[in-house]
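Take a look at the structure set out below.
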Amino acid sequence: MKMNRIEEFNQPVLNILDINGDGEKKFYVYALVDPRPNKGKVFYIGKGTENRIFSHEHEADGTDRDTPKLNTIHEIENANMDVQRYIISWGLTEKEAFAAENALINAFNLLDAEQPSLSNAVEGHGNRGATVEEFIKKHDFKGTKLSEWEQNALANKIDLNSILLVKIRDAFILSSDENQDYNIENQDLGNLKARTLGDWTVGVNRIKSIKYVVGIATGHDNAVVSAYEVDSETESIIVQGQKKRRTRWHSKTNKADTLKFLRLENTNFPEISFGQSSFTYMDNQLKMAEEKNDER
């Protein structure tokens, strides 16, 4: 780095960043920009307090770790240039800063989709940006009778006894990242895949039969929001003696392909009822729906 490079804020500046002086609104959102010719793009969006904005260059100076962010910083410094640092917004609560950071990351990832410039390890939180057409296509759920789906499923040789339906709260604000995997004691409750795959306290006699776990947003007319084909390997912790197990499934599949295979794309099932439970079985729901139709 150059000798006159600012490496930290002085106290008067720190006092300004903590706008109320009480620590409540001390957060800011910032961007790091690559100044090299033909680059000139934002490569990192972050939020923090005090001297957080300087920490990435200090980290790069002290390590040879290979990450997109650190590699970019090393390349800029090797070109005898400095990372350009911008404070985008300040005087924010942590919640406000989190929302602003998320919106910026999602915007850059959407608008630079063909040539991504951001090196953030986390690709935003919640749902990613989309065009209006993509947004409508993704969320235009069609009310479907269970009997109609059953006929389609049987025609495509889908095992009706193999599907576990699980409640997913706040489904549309959860992260849609599918690259991570979690164990039963280390889950990300803000991630849709993690929430879908468990853990669920399932009867021992049903565990082995489950091939698919399907997420249902009960607050949105039972919209089908996720689906994964599970691996044979599961994690289980015994509860209630030997009768039930807290079970988490693992899956190498993605929800788009699984929803398509199960004929569940853009589908919602108003007939499904979870009662007091957080999960149910598709075959049980089909039987209940059939019994209600017979009563009519």
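Labels used: A, B, ... for chains in the order of the structure tokens, numbers from 1 for residues in each chain, and numbers from 1 for ligands as shown.
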
Using only C-alpha atoms, which protein or nucleic acid residues come within 12 Å of A:Glu24? Drop anything in the same chain fewer than 5 positions from it, and give the result as a list in words.
Leu17, Asp18, Ile19, Thr49, Trp90, Gly91, Leu92, Thr93, Glu94, Lys95, Glu96 and Ala97 of chain A

Please produce a file of those selected residues containing N, CA, C and O atoms, as a CSV table (one decimal), in the first residue's frame.
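Output file selection_12.csv follows:
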chain,number,residue,atom,x,y,z
A,17,LEU,N,-19.9,8.7,12.5
A,17,LEU,CA,-20.5,7.5,12.1
A,17,LEU,C,-21.6,6.9,13.1
A,17,LEU,O,-22.6,6.3,12.7
A,18,ASP,N,-21.3,7.1,14.4
A,18,ASP,CA,-22.2,6.8,15.4
A,18,ASP,C,-23.2,8.0,15.6
A,18,ASP,O,-23.0,8.7,16.5
A,19,ILE,N,-24.1,8.1,14.7
A,19,ILE,CA,-24.8,9.4,14.5
A,19,ILE,C,-25.6,9.9,15.7
A,19,ILE,O,-25.6,11.1,16.0
A,49,THR,N,-19.3,-1.5,11.4
A,49,THR,CA,-19.2,-0.4,12.3
A,49,THR,C,-17.7,0.0,12.4
A,49,THR,O,-16.8,-0.8,11.9
A,90,TRP,N,-24.9,5.7,5.8
A,90,TRP,CA,-24.4,5.6,7.2
A,90,TRP,C,-25.5,6.1,8.2
A,90,TRP,O,-26.5,6.6,7.8
A,91,GLY,N,-25.2,6.0,9.5
A,91,GLY,CA,-26.3,6.3,10.5
A,91,GLY,C,-27.4,5.3,10.5
A,91,GLY,O,-28.6,5.7,10.7
A,92,LEU,N,-27.1,4.1,10.3
A,92,LEU,CA,-28.1,3.0,10.2
A,92,LEU,C,-28.1,2.1,11.4
A,92,LEU,O,-27.1,1.9,12.1
A,93,THR,N,-29.3,1.5,11.7
A,93,THR,CA,-29.3,0.5,12.7
A,93,THR,C,-28.8,-0.8,12.0
A,93,THR,O,-28.6,-0.8,10.8
A,94,GLU,N,-28.5,-1.8,12.8
A,94,GLU,CA,-28.0,-3.0,12.2
A,94,GLU,C,-29.0,-3.6,11.2
A,94,GLU,O,-28.6,-4.1,10.1
A,95,LYS,N,-30.3,-3.6,11.6
A,95,LYS,CA,-31.3,-4.1,10.7
A,95,LYS,C,-31.4,-3.4,9.4
A,95,LYS,O,-31.5,-4.0,8.3
A,96,GLU,N,-31.3,-2.0,9.5
A,96,GLU,CA,-31.3,-1.2,8.3
A,96,GLU,C,-30.1,-1.5,7.4
A,96,GLU,O,-30.2,-1.6,6.2
A,97,ALA,N,-29.0,-1.6,8.0
A,97,ALA,CA,-27.7,-1.9,7.2
A,97,ALA,C,-27.8,-3.3,6.6
A,97,ALA,O,-27.4,-3.4,5.4

For stretch 245-248 of chain A: contacts at 12 Å, only C-alpha atoms, fewer than 2 positions along chain excluded, given as a ChimeraX atom specification
/A:164,181-187,193-208,210,213,230-243,250-251

Select, from A:Leu32, A:Ile45, A:Ala153, A:Leu110, the residue with the minimum atom-to-atom distance to A:Thr72, counting only C-alpha atoms.
A:Leu32

When distances are computed from only C-alpha atoms, which of A:Asn222, A:Ser273, A:Asn10, A:Ser119 shows the smallest separation from A:Arg169?
A:Asn222

Neighbour list for A:Phe98 as a ChimeraX atom specification, cut-off 10 Å, only C-alpha atoms, skip fewer than 3 positions in-chain
/A:27-29,46-48,92-95,101-103,124-125

Applying 12 Å and only C-alpha atoms, which residues near stretch 33-38 of chain A remain after dropping the ones on its own chain fewer than 6 positions away? List them as an MDAnalysis selection string.
chainID A and resid 44:46 53 69:87 117:119

Please, what distance in Å, to one decimal, runs between atom CA of A:Ile272 and atom CA of A:Leu146?
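Atom CA of A:Leu146 lies 8.2 Å from atom CA of A:Ile272.
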
DSSP strand (DSSP E or B) selection over stretch 98-249 of chain A, as a PyMOL selection string
chain A and resi 142-143+163-167+175+183+186+191+200-203+212-217+223-229+234-239+244-249

Quick one: write out the picked residues with N, CA, C and O atoms as a compact mmCIF listing (two decimals), in the first residue's frame?
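Written file, selection-v8.txt:
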# COMPACT_ATOMS: atom_id res chain seq x y z
N LYS A 142 -50.78 -22.12 -9.09
CA LYS A 142 -52.07 -22.58 -9.59
C LYS A 142 -52.71 -23.53 -8.56
O LYS A 142 -52.11 -24.53 -8.18
N GLY A 143 -53.91 -23.19 -8.12
CA GLY A 143 -54.63 -24.06 -7.20
C GLY A 143 -54.93 -25.40 -7.87
O GLY A 143 -55.50 -25.44 -8.96
N ILE A 163 -43.40 -39.37 -0.18
CA ILE A 163 -43.32 -37.90 -0.10
C ILE A 163 -43.72 -37.39 1.28
O ILE A 163 -44.84 -37.62 1.74
N LEU A 164 -42.80 -36.69 1.92
CA LEU A 164 -43.06 -36.02 3.19
C LEU A 164 -43.32 -34.55 2.90
O LEU A 164 -42.53 -33.88 2.21
N LEU A 165 -44.44 -34.03 3.41
CA LEU A 165 -44.79 -32.62 3.25
C LEU A 165 -44.50 -31.89 4.55
O LEU A 165 -44.92 -32.34 5.62
N VAL A 166 -43.78 -30.77 4.47
CA VAL A 166 -43.37 -30.06 5.69
C VAL A 166 -43.78 -28.60 5.61
O VAL A 166 -43.76 -27.98 4.54
N LYS A 167 -44.15 -28.04 6.75
CA LYS A 167 -44.52 -26.62 6.83
C LYS A 167 -43.27 -25.76 6.75
O LYS A 167 -42.28 -26.01 7.44
N SER A 175 -33.31 -17.53 2.35
CA SER A 175 -32.26 -17.64 1.35
C SER A 175 -32.52 -18.85 0.45
O SER A 175 -32.88 -19.93 0.92
N ASN A 183 -25.66 -30.21 9.15
CA ASN A 183 -25.99 -31.40 9.91
C ASN A 183 -27.12 -31.08 10.88
O ASN A 183 -27.58 -29.94 10.98
N ASN A 186 -26.46 -28.25 13.30
CA ASN A 186 -25.90 -27.02 12.75
C ASN A 186 -26.67 -26.63 11.50
O ASN A 186 -26.27 -26.95 10.39
N ASN A 191 -32.36 -20.45 5.68
CA ASN A 191 -32.13 -21.04 4.37
C ASN A 191 -33.25 -22.01 4.03
O ASN A 191 -33.60 -22.88 4.83
N TRP A 200 -36.93 -33.23 11.38
CA TRP A 200 -38.33 -33.53 11.57
C TRP A 200 -38.45 -34.79 12.42
O TRP A 200 -37.72 -35.76 12.21
N THR A 201 -39.35 -34.76 13.39
CA THR A 201 -39.51 -35.91 14.29
C THR A 201 -40.49 -36.90 13.66
O THR A 201 -41.70 -36.83 13.85
N VAL A 202 -39.92 -37.82 12.90
CA VAL A 202 -40.70 -38.73 12.05
C VAL A 202 -40.73 -40.12 12.68
O VAL A 202 -39.76 -40.56 13.30
N GLY A 203 -41.85 -40.81 12.49
CA GLY A 203 -41.96 -42.19 12.96
C GLY A 203 -40.91 -43.08 12.31
O GLY A 203 -40.65 -42.97 11.11
N TYR A 212 -38.66 -38.11 -0.92
CA TYR A 212 -38.76 -36.69 -1.27
C TYR A 212 -39.30 -35.91 -0.07
O TYR A 212 -40.22 -36.37 0.60
N VAL A 213 -38.72 -34.74 0.16
CA VAL A 213 -39.24 -33.82 1.17
C VAL A 213 -39.68 -32.56 0.44
O VAL A 213 -38.91 -31.96 -0.32
N VAL A 214 -40.94 -32.19 0.65
CA VAL A 214 -41.56 -31.08 -0.08
C VAL A 214 -41.99 -30.00 0.90
O VAL A 214 -42.69 -30.28 1.88
N GLY A 215 -41.57 -28.77 0.66
CA GLY A 215 -41.91 -27.65 1.52
C GLY A 215 -43.20 -26.97 1.10
O GLY A 215 -43.40 -26.68 -0.09
N ILE A 216 -44.06 -26.69 2.09
CA ILE A 216 -45.36 -26.08 1.83
C ILE A 216 -45.48 -24.78 2.62
O ILE A 216 -45.29 -24.76 3.84
N ALA A 217 -45.79 -23.69 1.93
CA ALA A 217 -46.02 -22.40 2.59
C ALA A 217 -47.49 -22.30 2.97
O ALA A 217 -48.34 -21.94 2.16
N ALA A 223 -48.86 -23.18 -0.90
CA ALA A 223 -48.01 -23.15 -2.09
C ALA A 223 -46.82 -24.08 -1.89
O ALA A 223 -46.21 -24.11 -0.82
N VAL A 224 -46.49 -24.83 -2.93
CA VAL A 224 -45.31 -25.71 -2.88
C VAL A 224 -44.08 -24.86 -3.19
O VAL A 224 -43.95 -24.34 -4.31
N VAL A 225 -43.21 -24.70 -2.21
CA VAL A 225 -42.08 -23.76 -2.36
C VAL A 225 -40.74 -24.45 -2.50
O VAL A 225 -39.74 -23.81 -2.86
N SER A 226 -40.66 -25.75 -2.22
CA SER A 226 -39.38 -26.45 -2.33
C SER A 226 -39.63 -27.94 -2.41
O SER A 226 -40.68 -28.44 -1.98
N ALA A 227 -38.65 -28.65 -2.95
CA ALA A 227 -38.72 -30.11 -3.02
C ALA A 227 -37.32 -30.64 -3.27
O ALA A 227 -36.59 -30.10 -4.11
N TYR A 228 -36.97 -31.71 -2.54
CA TYR A 228 -35.65 -32.31 -2.71
C TYR A 228 -35.75 -33.82 -2.66
O TYR A 228 -36.46 -34.37 -1.81
N GLU A 229 -35.05 -34.47 -3.56
CA GLU A 229 -34.89 -35.92 -3.48
C GLU A 229 -33.79 -36.19 -2.48
O GLU A 229 -32.69 -35.63 -2.58
N THR A 234 -29.12 -40.46 6.21
CA THR A 234 -29.82 -39.47 7.02
C THR A 234 -29.14 -39.37 8.37
O THR A 234 -28.34 -40.22 8.75
N GLU A 235 -29.45 -38.29 9.08
CA GLU A 235 -28.99 -38.16 10.46
C GLU A 235 -30.21 -38.28 11.35
O GLU A 235 -31.23 -37.64 11.11
N SER A 236 -30.11 -39.07 12.39
CA SER A 236 -31.25 -39.28 13.27
C SER A 236 -30.83 -39.26 14.73
O SER A 236 -29.75 -39.71 15.08
N ILE A 237 -31.70 -38.70 15.56
CA ILE A 237 -31.53 -38.73 17.01
C ILE A 237 -32.81 -39.32 17.58
O ILE A 237 -33.91 -38.85 17.29
N ILE A 238 -32.68 -40.35 18.38
CA ILE A 238 -33.85 -41.03 18.93
C ILE A 238 -34.58 -40.14 19.92
O ILE A 238 -33.98 -39.51 20.78
N VAL A 239 -35.90 -40.07 19.78
CA VAL A 239 -36.76 -39.40 20.77
C VAL A 239 -37.94 -40.33 21.04
O VAL A 239 -38.27 -41.19 20.22
N LYS A 244 -39.90 -42.72 17.56
CA LYS A 244 -39.70 -41.59 16.67
C LYS A 244 -38.23 -41.16 16.69
O LYS A 244 -37.52 -41.40 17.66
N ARG A 245 -37.83 -40.51 15.59
CA ARG A 245 -36.47 -40.00 15.51
C ARG A 245 -36.49 -38.59 14.93
O ARG A 245 -37.23 -38.31 13.99
N ARG A 246 -35.68 -37.72 15.51
CA ARG A 246 -35.42 -36.43 14.88
C ARG A 246 -34.53 -36.72 13.69
O ARG A 246 -33.42 -37.21 13.83
N THR A 247 -35.04 -36.44 12.52
CA THR A 247 -34.34 -36.85 11.30
C THR A 247 -34.07 -35.66 10.40
O THR A 247 -34.92 -34.80 10.19
N ARG A 248 -32.85 -35.63 9.88
CA ARG A 248 -32.49 -34.65 8.86
C ARG A 248 -31.99 -35.41 7.64
O ARG A 248 -31.16 -36.29 7.75
N TRP A 249 -32.54 -35.05 6.50
CA TRP A 249 -32.09 -35.66 5.26
C TRP A 249 -31.06 -34.77 4.57
O TRP A 249 -31.03 -33.56 4.78

Can you pull out every residue within 12 Å of A:Asp159, counting only C-alpha atoms, but drop anything in the same chain fewer than 4 positions away, and send it as a list in words?
Glu150, Gln151, Asn152, Ala153, Leu154, Ala155, Ile163, Leu164, Ser209, Ile210, Lys211, Tyr212, Phe261, Leu262, Tyr281, Met282 and Asp283 of chain A

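Secondary structure from DSSP on the backbone puts alpha helix (DSSP H) at the following positions of stretch 115-252 of chain A: Val132, Glu133, Glu134, Phe135, Ile136, Lys137, Lys138, His139, Leu146, Ser147, Glu148, Trp149, Glu150, Gln151, Asn152, Ala153, Leu154, Ala155, Leu192, Lys193, Ala194, Arg195, Thr196, Leu197, Val204, Asn205, Arg206 and Ile207 of chain A.
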
Nearest to A:Phe172 among A:Lys157, A:Gly62, A:His139, A:Phe54, with distances taken over only C-alpha atoms: which residue is it?
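The answer is A:His139, which sits nearest to A:Phe172.
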